[in-house]
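See below for structure-v7.cif, which holds mmCIF, C-alpha atoms and all ligand atoms.
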```cif
data_start
#
loop_
_atom_site.label_atom_id
_atom_site.label_comp_id
_atom_site.auth_asym_id
_atom_site.auth_seq_id
_atom_site.Cartn_x
_atom_site.Cartn_y
_atom_site.Cartn_z
CA MET J 1 -13.45 16.97 -133.64
CA ARG J 2 -12.69 20.28 -131.90
CA PRO J 3 -11.32 19.79 -128.37
CA ILE J 4 -13.48 20.65 -125.38
CA ASP J 5 -12.15 22.34 -122.25
CA ILE J 6 -14.17 21.58 -119.12
CA VAL J 7 -13.74 23.59 -115.92
CA GLY J 8 -14.47 21.59 -112.75
CA ALA J 9 -14.44 17.86 -112.02
CA GLY J 10 -17.43 17.76 -109.66
CA PRO J 11 -20.47 15.71 -110.71
CA ALA J 12 -21.37 18.17 -113.51
CA GLY J 13 -17.87 18.49 -115.03
CA SER J 14 -17.10 14.77 -114.87
CA ALA J 15 -20.53 13.90 -116.34
CA ALA J 16 -19.82 16.34 -119.19
CA ALA J 17 -16.34 14.89 -119.72
CA ILE J 18 -17.56 11.28 -119.83
CA THR J 19 -20.33 12.19 -122.27
CA ALA J 20 -18.09 14.21 -124.62
CA CYS J 21 -15.29 11.59 -124.53
CA ASP J 22 -17.77 8.79 -125.27
CA LEU J 23 -18.80 10.78 -128.37
CA GLY J 24 -15.18 10.88 -129.51
CA CYS J 25 -14.17 14.43 -128.48
CA PRO J 26 -10.76 15.20 -126.99
CA VAL J 27 -11.36 16.67 -123.52
CA ARG J 28 -9.17 18.66 -121.12
CA LEU J 29 -10.63 18.60 -117.61
CA TYR J 30 -9.44 21.53 -115.49
CA GLU J 31 -9.71 20.76 -111.77
CA LYS J 32 -7.78 22.76 -109.23
CA SER J 33 -8.13 20.22 -106.38
CA ALA J 34 -6.64 16.78 -106.01
CA LEU J 35 -9.31 14.10 -106.08
CA PRO J 36 -10.71 12.28 -104.17
CA ARG J 37 -11.61 14.82 -101.48
CA HIS J 38 -14.35 15.36 -98.96
CA LYS J 39 -16.82 18.12 -99.79
CA VAL J 40 -19.48 19.94 -97.78
CA CYS J 41 -22.66 18.22 -98.96
CA GLY J 42 -25.62 16.37 -97.42
CA GLU J 43 -24.67 13.38 -99.64
CA PHE J 44 -28.32 12.49 -100.25
CA LEU J 45 -28.53 11.12 -103.76
CA SER J 46 -31.98 11.47 -105.30
CA PRO J 47 -33.47 8.35 -106.91
CA GLY J 48 -33.50 10.24 -110.23
CA ALA J 49 -29.68 10.35 -110.22
CA ARG J 50 -29.41 6.60 -110.78
CA PRO J 51 -30.54 6.52 -114.45
CA VAL J 52 -27.95 9.24 -115.21
CA LEU J 53 -25.23 7.28 -113.39
CA GLU J 54 -26.21 4.32 -115.55
CA GLN J 55 -25.94 6.41 -118.75
CA LEU J 56 -22.51 7.52 -117.56
CA GLY J 57 -21.44 3.91 -117.01
CA VAL J 58 -20.78 4.16 -113.27
CA LEU J 59 -23.95 2.80 -111.64
CA ALA J 60 -22.55 -0.69 -110.99
CA GLU J 61 -19.40 0.71 -109.38
CA ALA J 62 -21.45 3.07 -107.18
CA GLU J 63 -23.66 0.14 -106.15
CA ARG J 64 -20.62 -1.95 -105.20
CA LEU J 65 -19.77 0.67 -102.54
CA ARG J 66 -23.05 -0.23 -100.81
CA PRO J 67 -24.55 3.24 -100.45
CA ALA J 68 -26.94 3.71 -97.52
CA ARG J 69 -30.50 2.92 -98.66
CA ILE J 70 -32.83 5.78 -97.80
CA SER J 71 -36.55 5.01 -97.85
CA ARG J 72 -38.05 7.74 -95.67
CA VAL J 73 -37.95 11.53 -95.21
CA GLU J 74 -38.58 13.38 -91.94
CA LEU J 75 -38.85 17.15 -91.61
CA HIS J 76 -38.63 18.54 -88.07
CA PHE J 77 -39.95 22.01 -87.24
CA GLY J 78 -39.58 22.59 -83.51
CA ARG J 79 -41.88 20.07 -81.93
CA SER J 80 -43.86 19.29 -85.07
CA ARG J 81 -42.80 16.73 -87.64
CA LYS J 82 -43.74 15.73 -91.15
CA SER J 83 -42.66 12.41 -92.62
CA TRP J 84 -43.32 10.23 -95.63
CA ASN J 85 -41.98 7.17 -97.42
CA LEU J 86 -40.14 7.84 -100.65
CA ALA J 87 -41.83 6.43 -103.76
CA GLU J 88 -38.42 5.15 -104.82
CA GLU J 89 -35.38 4.43 -102.65
CA ALA J 90 -32.71 7.16 -102.50
CA TRP J 91 -29.02 6.60 -101.71
CA GLY J 92 -26.61 8.10 -99.24
CA LEU J 93 -23.18 8.14 -100.90
CA SER J 94 -20.22 10.26 -99.82
CA ARG J 95 -18.88 12.87 -102.24
CA TYR J 96 -15.45 11.39 -101.58
CA ALA J 97 -16.63 8.21 -103.30
CA LEU J 98 -19.09 9.57 -105.86
CA ASP J 99 -16.88 12.31 -107.29
CA ASP J 100 -13.96 9.89 -107.43
CA ILE J 101 -15.93 7.27 -109.38
CA LEU J 102 -17.05 9.87 -111.92
CA TYR J 103 -13.61 11.46 -112.22
CA ARG J 104 -11.87 8.10 -112.76
CA ARG J 105 -14.44 7.12 -115.38
CA ALA J 106 -13.81 10.45 -117.17
CA LEU J 107 -10.06 9.73 -117.22
CA SER J 108 -10.54 6.20 -118.49
CA ALA J 109 -12.84 7.56 -121.23
CA GLY J 110 -9.90 9.72 -122.38
CA ALA J 111 -10.21 13.06 -120.53
CA VAL J 112 -6.90 14.65 -119.54
CA HIS J 113 -6.80 16.22 -116.08
CA VAL J 114 -5.17 19.66 -116.00
CA ARG J 115 -4.43 20.40 -112.32
CA GLU J 116 -4.73 24.17 -112.58
CA VAL J 117 -7.04 27.00 -111.67
CA TRP J 118 -8.65 27.78 -115.01
CA THR J 119 -8.87 31.47 -115.90
CA ALA J 120 -10.70 32.94 -118.88
CA PRO J 121 -8.24 33.40 -121.77
CA ALA J 122 -7.72 36.98 -122.97
CA ALA J 123 -8.32 36.10 -126.64
CA ALA J 124 -11.08 33.97 -128.21
CA GLN J 125 -10.19 30.25 -128.38
CA ASP J 126 -11.01 27.55 -130.89
CA ASN J 127 -11.84 25.07 -128.15
CA ARG J 128 -15.39 24.72 -126.98
CA LEU J 129 -15.82 25.45 -123.27
CA ILE J 130 -17.97 23.86 -120.56
CA LEU J 131 -18.14 25.73 -117.26
CA ALA J 132 -18.93 23.34 -114.40
CA ARG J 133 -16.99 25.21 -111.74
CA GLY J 134 -19.60 25.05 -109.01
CA ARG J 135 -21.65 27.76 -107.38
CA SER J 136 -20.95 31.46 -107.41
CA THR J 137 -19.90 32.88 -104.05
CA HIS J 138 -20.66 36.45 -104.95
CA VAL J 139 -23.13 37.77 -102.36
CA GLN J 140 -24.72 41.09 -103.23
CA LYS J 141 -26.39 42.00 -99.95
CA GLY J 142 -27.96 40.59 -96.84
CA SER J 143 -26.77 38.17 -94.22
CA ARG J 144 -24.38 35.53 -95.51
CA LEU J 145 -24.91 31.80 -95.06
CA PHE J 146 -22.28 29.09 -94.59
CA GLY J 147 -22.41 25.32 -94.97
CA PHE J 148 -20.84 22.75 -92.64
CA LYS J 149 -20.47 19.00 -92.48
CA ALA J 150 -18.85 16.10 -90.61
CA HIS J 151 -19.10 12.32 -90.65
CA PHE J 152 -20.11 10.41 -87.54
CA ARG J 153 -20.03 6.79 -86.37
CA GLY J 154 -22.91 5.20 -84.49
CA PRO J 155 -26.38 3.78 -85.09
CA VAL J 156 -27.53 4.12 -88.71
CA SER J 157 -30.99 4.87 -90.05
CA ASP J 158 -32.80 4.51 -93.38
CA THR J 159 -34.39 7.96 -92.95
CA VAL J 160 -33.05 11.29 -94.15
CA GLU J 161 -33.90 13.82 -91.46
CA LEU J 162 -34.05 17.59 -91.88
CA TYR J 163 -34.17 19.91 -88.87
CA PHE J 164 -35.22 23.56 -89.20
CA PRO J 165 -34.17 25.46 -86.04
CA PRO J 166 -33.84 29.27 -86.00
CA GLY J 167 -30.83 30.59 -87.96
CA GLY J 168 -30.34 27.66 -90.34
CA TYR J 169 -31.09 24.01 -90.90
CA ALA J 170 -29.30 20.67 -90.93
CA GLY J 171 -29.74 17.22 -92.43
CA VAL J 172 -28.78 13.82 -91.08
CA CYS J 173 -28.24 11.13 -93.70
CA GLY J 174 -26.49 7.74 -93.71
CA VAL J 175 -23.78 7.07 -96.28
CA GLU J 176 -21.74 3.96 -97.18
CA GLY J 177 -19.71 2.14 -94.53
CA GLY J 178 -22.18 2.65 -91.67
CA ILE J 179 -21.32 6.37 -91.46
CA THR J 180 -23.82 9.14 -90.73
CA ASN J 181 -23.33 12.51 -92.39
CA VAL J 182 -24.46 15.63 -90.53
CA CYS J 183 -24.55 18.67 -92.80
CA GLY J 184 -26.28 22.00 -92.66
CA ILE J 185 -26.26 25.71 -93.22
CA ALA J 186 -26.33 28.57 -90.76
CA SER J 187 -26.32 32.35 -90.87
CA GLU J 188 -23.03 34.17 -90.46
CA LYS J 189 -24.64 36.21 -87.67
CA LEU J 190 -25.30 33.10 -85.60
CA LEU J 191 -21.93 31.51 -86.45
CA ARG J 192 -19.98 34.62 -85.46
CA LYS J 193 -21.62 34.57 -82.03
CA ILE J 194 -20.21 31.10 -81.43
CA ASP J 195 -16.91 31.66 -83.22
CA PHE J 196 -17.81 29.18 -85.99
CA ASP J 197 -17.79 26.34 -83.44
CA PHE J 198 -20.08 23.76 -85.08
CA ASP J 199 -20.23 21.51 -81.99
CA GLU J 200 -21.58 24.52 -80.10
CA LEU J 201 -24.04 25.10 -82.95
CA LEU J 202 -25.46 21.60 -82.49
CA ARG J 203 -25.71 22.22 -78.73
CA ARG J 204 -27.73 25.37 -79.46
CA TRP J 205 -30.10 23.41 -81.70
CA PRO J 206 -31.58 21.04 -79.06
CA MET J 207 -33.25 18.60 -81.47
CA LEU J 208 -29.98 18.16 -83.36
CA ALA J 209 -28.07 17.80 -80.09
CA GLU J 210 -30.50 15.07 -79.07
CA ARG J 211 -30.31 13.37 -82.49
CA THR J 212 -26.49 13.33 -82.59
CA ARG J 213 -25.99 12.29 -78.94
CA PRO J 214 -25.45 8.57 -79.76
CA LEU J 215 -23.04 9.49 -82.58
CA THR J 216 -19.26 10.13 -82.47
CA ARG J 217 -17.69 12.57 -84.89
CA CYS J 218 -15.01 10.94 -87.11
CA TRP J 219 -13.16 14.05 -88.19
CA ASP J 220 -13.08 17.84 -87.93
CA TRP J 221 -15.94 19.89 -89.28
CA LEU J 222 -15.61 21.11 -92.87
CA SER J 223 -17.20 24.41 -93.83
CA THR J 224 -17.89 26.35 -97.00
CA GLY J 225 -19.45 29.59 -98.09
CA PRO J 226 -20.87 32.05 -98.54
CA LEU J 227 -23.79 30.27 -100.21
CA VAL J 228 -25.79 32.08 -102.88
CA PHE J 229 -29.06 30.53 -104.01
CA GLY J 230 -31.03 30.78 -107.22
CA GLU J 231 -30.45 30.27 -110.90
CA GLN J 232 -28.39 32.48 -113.19
CA PHE J 233 -29.23 31.09 -116.64
CA ASP J 234 -27.42 33.30 -119.11
CA ALA J 235 -27.61 32.63 -122.83
CA ALA J 236 -25.06 35.35 -123.64
CA ARG J 237 -22.06 33.47 -122.25
CA ASN J 238 -20.00 31.79 -124.90
CA ALA J 239 -19.82 28.56 -122.91
CA TYR J 240 -21.99 25.59 -122.02
CA VAL J 241 -22.70 26.01 -118.32
CA ALA J 242 -23.65 23.06 -116.08
CA GLY J 243 -24.37 22.12 -112.48
CA ASP J 244 -24.18 24.70 -109.69
CA ALA J 245 -22.54 27.15 -112.11
CA LEU J 246 -26.00 27.38 -113.75
CA GLY J 247 -27.65 27.93 -110.41
CA PHE J 248 -27.48 26.69 -106.84
CA ILE J 249 -30.53 24.92 -105.48
CA ASP J 250 -31.18 24.93 -101.72
CA PRO J 251 -29.47 22.01 -99.97
CA PHE J 252 -32.76 21.07 -98.21
CA THR J 253 -34.00 19.77 -101.59
CA GLY J 254 -31.19 17.19 -101.83
CA SER J 255 -31.37 17.53 -105.62
CA GLY J 256 -28.19 19.48 -106.50
CA ILE J 257 -26.12 16.43 -107.43
CA GLN J 258 -28.87 15.08 -109.65
CA GLY J 259 -29.16 18.48 -111.34
CA GLY J 260 -25.37 18.57 -111.82
CA LEU J 261 -25.30 15.11 -113.40
CA VAL J 262 -28.25 15.90 -115.68
CA THR J 263 -26.98 19.29 -116.88
CA GLY J 264 -23.38 18.05 -117.07
CA ARG J 265 -24.49 15.32 -119.42
CA MET J 266 -26.56 17.83 -121.39
CA ALA J 267 -23.54 20.15 -121.69
CA GLY J 268 -21.32 17.28 -122.86
CA LEU J 269 -23.85 16.32 -125.53
CA ALA J 270 -24.40 19.92 -126.64
CA ALA J 271 -20.68 20.74 -126.88
CA ALA J 272 -19.85 17.51 -128.71
CA ARG J 273 -22.68 18.06 -131.20
CA ASN J 274 -22.01 21.78 -131.57
CA VAL J 275 -25.51 22.73 -130.40
CA PRO J 276 -25.82 26.53 -129.97
CA VAL J 277 -25.22 27.68 -126.39
CA ALA J 278 -28.64 29.41 -126.31
CA GLU J 279 -30.35 26.10 -127.08
CA HIS J 280 -28.40 24.40 -124.27
CA VAL J 281 -29.55 27.13 -121.88
CA ARG J 282 -33.17 26.72 -123.05
CA LEU J 283 -33.06 22.96 -122.40
CA CYS J 284 -31.50 23.49 -118.97
CA LYS J 285 -34.23 25.98 -118.06
CA GLN J 286 -36.81 23.45 -119.15
CA ALA J 287 -35.19 20.76 -117.01
CA LEU J 288 -34.52 22.86 -113.90
CA GLY J 289 -36.96 25.79 -113.92
CA ARG J 290 -39.62 24.05 -111.82
CA GLN J 291 -37.23 22.94 -109.08
CA TYR J 292 -35.78 26.45 -108.66
CA ALA J 293 -39.27 27.94 -108.43
CA ALA J 294 -40.47 25.37 -105.87
CA ALA J 295 -37.27 25.63 -103.80
CA GLY J 296 -37.55 29.44 -103.82
CA ILE J 297 -41.06 29.27 -102.36
CA PHE J 298 -40.00 26.86 -99.63
CA ARG J 299 -36.88 28.95 -98.88
CA GLY J 300 -39.10 32.03 -98.45
CA ALA J 301 -41.34 30.04 -96.09
CA VAL J 302 -38.32 28.88 -94.03
CA ARG J 303 -37.06 32.47 -93.73
CA ALA J 304 -40.49 33.72 -92.72
CA GLY J 305 -40.88 30.93 -90.14
CA LEU J 306 -43.79 29.51 -92.17
CA ALA J 307 -42.20 26.27 -93.43
CA ASP J 308 -44.08 24.22 -90.85
CA TRP J 309 -47.37 25.76 -91.97
CA LEU J 310 -46.59 25.27 -95.69
CA ALA J 311 -45.44 21.67 -95.19
CA ARG J 312 -48.76 20.89 -93.49
CA PHE J 313 -50.63 21.62 -96.71
CA VAL J 314 -48.27 20.17 -99.30
CA PRO J 315 -48.05 16.36 -99.46
CA GLY J 316 -44.46 15.18 -98.88
CA ARG J 317 -44.19 13.28 -102.16
CA LEU J 318 -45.42 16.34 -104.08
CA LEU J 319 -42.86 18.55 -102.33
CA PHE J 320 -40.17 16.03 -103.24
CA TYR J 321 -41.32 15.79 -106.87
CA LEU J 322 -41.48 19.59 -107.32
CA THR J 323 -37.90 20.06 -106.15
CA ARG J 324 -36.33 17.55 -108.63
CA PRO J 325 -35.26 18.24 -112.22
CA GLY J 326 -38.10 17.73 -114.69
CA GLY J 327 -38.67 18.47 -118.37
CA SER J 328 -37.31 16.46 -121.24
CA ILE J 329 -33.67 15.50 -121.09
CA ALA J 330 -31.78 14.81 -124.31
CA ALA J 331 -30.86 11.17 -124.99
C1 LIG J 401 -24.39 22.51 -97.36
C2 LIG J 401 -24.74 21.82 -98.65
C3 LIG J 401 -25.45 20.61 -98.61
C4 LIG J 401 -25.79 19.99 -99.83
N1 LIG J 401 -26.48 18.80 -99.75
C5 LIG J 401 -26.81 18.16 -100.90
C6 LIG J 401 -27.44 16.88 -100.87
O1 LIG J 401 -27.66 16.28 -99.81
N2 LIG J 401 -27.79 16.32 -102.07
C7 LIG J 401 -27.56 16.93 -103.25
O2 LIG J 401 -27.94 16.38 -104.30
N3 LIG J 401 -26.92 18.13 -103.31
C8 LIG J 401 -26.53 18.74 -102.18
N4 LIG J 401 -25.85 19.93 -102.23
C9 LIG J 401 -25.57 20.51 -103.53
C10 LIG J 401 -24.40 19.81 -104.22
O3 LIG J 401 -23.27 19.81 -103.38
C11 LIG J 401 -24.08 20.56 -105.53
O4 LIG J 401 -25.27 20.75 -106.25
C12 LIG J 401 -23.08 19.78 -106.39
O5 LIG J 401 -21.82 19.73 -105.78
C13 LIG J 401 -22.95 20.47 -107.77
O6 LIG J 401 -21.95 19.84 -108.52
P1 LIG J 401 -21.07 20.72 -109.55
O7 LIG J 401 -20.26 19.71 -110.29
O8 LIG J 401 -21.91 21.68 -110.28
O9 LIG J 401 -20.12 21.63 -108.63
P2 LIG J 401 -18.99 21.20 -107.59
O10 LIG J 401 -19.28 19.88 -106.99
O11 LIG J 401 -18.86 22.39 -106.69
O12 LIG J 401 -17.68 21.05 -108.47
C14 LIG J 401 -17.04 22.17 -109.04
C15 LIG J 401 -15.56 21.84 -109.18
O13 LIG J 401 -14.93 22.88 -109.93
C16 LIG J 401 -13.64 23.10 -109.41
N5 LIG J 401 -13.28 24.47 -109.82
C17 LIG J 401 -13.95 25.62 -109.55
N6 LIG J 401 -13.38 26.68 -110.16
C18 LIG J 401 -12.30 26.17 -110.84
C19 LIG J 401 -11.30 26.77 -111.67
N7 LIG J 401 -11.34 28.08 -111.96
N8 LIG J 401 -10.35 25.97 -112.21
C20 LIG J 401 -10.32 24.63 -111.94
N9 LIG J 401 -11.26 24.02 -111.17
C21 LIG J 401 -12.23 24.76 -110.63
C22 LIG J 401 -13.82 22.94 -107.91
O14 LIG J 401 -12.58 22.61 -107.29
C23 LIG J 401 -14.84 21.79 -107.84
O15 LIG J 401 -14.21 20.52 -107.69
C24 LIG J 401 -25.46 20.57 -101.06
C25 LIG J 401 -24.71 21.76 -101.08
C26 LIG J 401 -24.34 22.38 -99.89
C27 LIG J 401 -23.53 23.65 -99.94
#
```
Show the structure stored in the file as C-alpha cells.
Amino acid sequence: MRPIDIVGAGPAGSAAAITACDLGCPVRLYEKSALPRHKVCGEFLSPGARPVLEQLGVLAEAERLRPARISRVELHFGRSRKSWNLAEEAWGLSRYALDDILYRRALSAGAVHVREVWTAPAAAQDNRLILARGRSTHVQKGSRLFGFKAHFRGPVSDTVELYFPPGGYAGVCGVEGGITNVCGIASEKLLRKIDFDFDELLRRWPMLAERTRPLTRCWDWLSTGPLVFGEQFDAARNAYVAGDALGFIDPFTGSGIQGGLVTGRMAGLAAARNVPVAEHVRLCKQALGRQYAAAGIFRGAVRAGLADWLARFVPGRLLFYLTRPGGSIAA
C-alpha cells in the first residue's frame, strides 16, 4: 500500500491516522508540537462524537478519565436566558487528555510521528496526503477575533453555559477532575483596550464575572488567533483535507471536535481506499454543509445583536441539531 502523510495530530489528523493504519497503510504523522498539550478550546464534546471515538477504539479509555457529564445548555443574553436539557448527555473532556488518547492510539496502530513543521514539497510526491493542520489564520478584512481559555477549580455544574456580552462571547463547561473550563472569543478592538488582560475582560463582562467569582484560576490564560470562520471546501487541492482545515465552525456550536473526528475518519478511509479527492470533498460537504449554514446564520445574529431574538423562536434542541454534522458518513 502507498504510504500516507498526515499533517497535524489534532482530533482530525489522529482520527485519520488510526483509520488508515487500521486498514494496513503505512502512515507518517507530521505534528510540530509535543503532545500532550493544552489547547484553546471550550472542551465541550458533542454526544455525536462518542460513536466516532468508539469506531476509533478509544471510547473506553476516554470514559475511564471520567469526563464531566453535561446534560443541560444555558444561553445568556444580557438579562435574558434560554435553556434546555440535551436529548443525549454530552461530555466535558480536556484537549490535553482527548488529543493525547487519540495520538497514542495512532502510534500504537503503527503511525510514525515526525516532529517537524510540514511544508509542501516542491515536486509531486508518490505519497498520498491528508491535511489536518487546523484552521486557517488568514484574515482578509475586518476586525480580528481571538480565543482565550483557562482552567478553574471550584464548584462544578452539569450545564454548559454560553454568555453573549458585547464584543465576544464565552462558555463555561466542566471537564474531568472537577475542573471548570472558561473559554471564549473577543474582538481585537476590545482586547487592545485592556492590553489582552483576560481577567480584566471577565470583569468587564459582569455576568461572567459573577459566574466565575466562586472559581479559582489554575493556570495562566492561553490565547489563540486570529480566528477565521466558515468553510473552504476545495476539490482542486491534491490532498484529502479534514477537520478545521476544511472549515472552522463557530466555537459557540461546540461541534468542531466532532466534525474533526468525523472528517478525519472520512479522510483516512478515502486515502486508504484511493477514493478521488473530489469525492471526499463531496462527502464532507454533505456531512458538514448544514452545520456551517446554521452557524453562519446564528453568527450573523450575534453580530447584529439579534441572537436573543433569534433564540426565542428556535427551539434549543433544534438549534443544537442544526449545528452538528449530518449527512451520511462512510462506514
Ligand atoms: C475558542 C475556541 C473554542 C472552541 N470550543 C470548542 C468546543 O467547546 N467544542 C468543540 O467541539 N470544538 C471547539 N472548538 C473547535 C475545536 O477546537 C476544533 O474544531 C478542533 O481543534 C479541530 O481539530 P483539528 O484536528 O482539525 O485541528 P487542530 O486541533 O487545530 O489540530 C491541528 C494540528 O496540526 C498541527 N499543525 C499545523 N500545521 C502544521 C504543520 N505545517 N506541520 C506539522 N503540524 C502542523 C498543529 O500543531 C495542531 O496540533 C473551539 C475552537 C476555539 C478556537
Around ligand LIG 401 (chain J), at most 7 Å away and counting only C-alpha atoms and all ligand atoms, which residues are there? Put them as number ranges by chain, please. J: 7-13, 30-33, 40-46, 116-119, 132-135, 147-148, 183-185, 224, 227, 242-245, 248-249, 251-252, 254-260
Within 8 Å of J:Thr137, counting all atoms listed in the file, which residues show up once you throw out same-chain ones fewer than 3 positions away? Write them as a PyMOL selection string, please. chain J and resi 225-228
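For the atom pair formed by atom CA of J:Leu283 and atom CA of J:Ala15, the distance is 16.6 Å, given to one decimal.
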With only C-alpha atoms as the basis for distance, which of J:Arg303, J:Ile130, J:Leu191, J:Leu322 is at the shortest distance from J:His280? J:Ile130
Which is closest to J:Ala20 among J:Ala111, J:Leu35, J:Ala272, J:Ala150, if we use only C-alpha atoms?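 Of J:Ala111, J:Leu35, J:Ala272, J:Ala150, the one nearest J:Ala20 is J:Ala272, counting only C-alpha atoms.
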Please compute the atom CA of J:Arg115-atom CA of J:Pro276 distance, one decimal, in Å. 28.4 Å
Between atom CA of J:Leu190 and atom CA of J:Lys82, what is the distance, to one decimal in Å? 25.9 Å
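With distances restricted to all atoms listed in the file, J:Gly167 is the closest residue to J:Arg204 from J:Gln55, J:Pro155, J:Gly167, J:Cys173.
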May I ask which of the residues J:Phe146, J:Tyr292, J:Trp205, J:Phe152 is the closest one to J:Glu188, counting only C-alpha atoms? J:Phe146
In terms of the shortest atom-to-atom distance over all atoms listed in the file, which of J:Leu306, J:Val241, J:Val172, J:Ala271 is closest to J:Lys285? J:Val241
Given the point (-45.5, 22.8, -94.2) in the file's coordinates, find the residues that have an atom at most 10 Å from it, counting only C-alpha atoms, and give them as a list of chain:residue names.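 Residues with an atom at most 10 Å from (-45.5, 22.8, -94.2): J:Leu75, J:Phe77, J:Ser80, J:Arg81, J:Lys82, J:Phe298, J:Ala301, J:Val302, J:Leu306, J:Ala307, J:Asp308, J:Trp309, J:Leu310, J:Ala311, J:Arg312, J:Phe313, J:Val314, J:Pro315, J:Gly316, J:Leu319.
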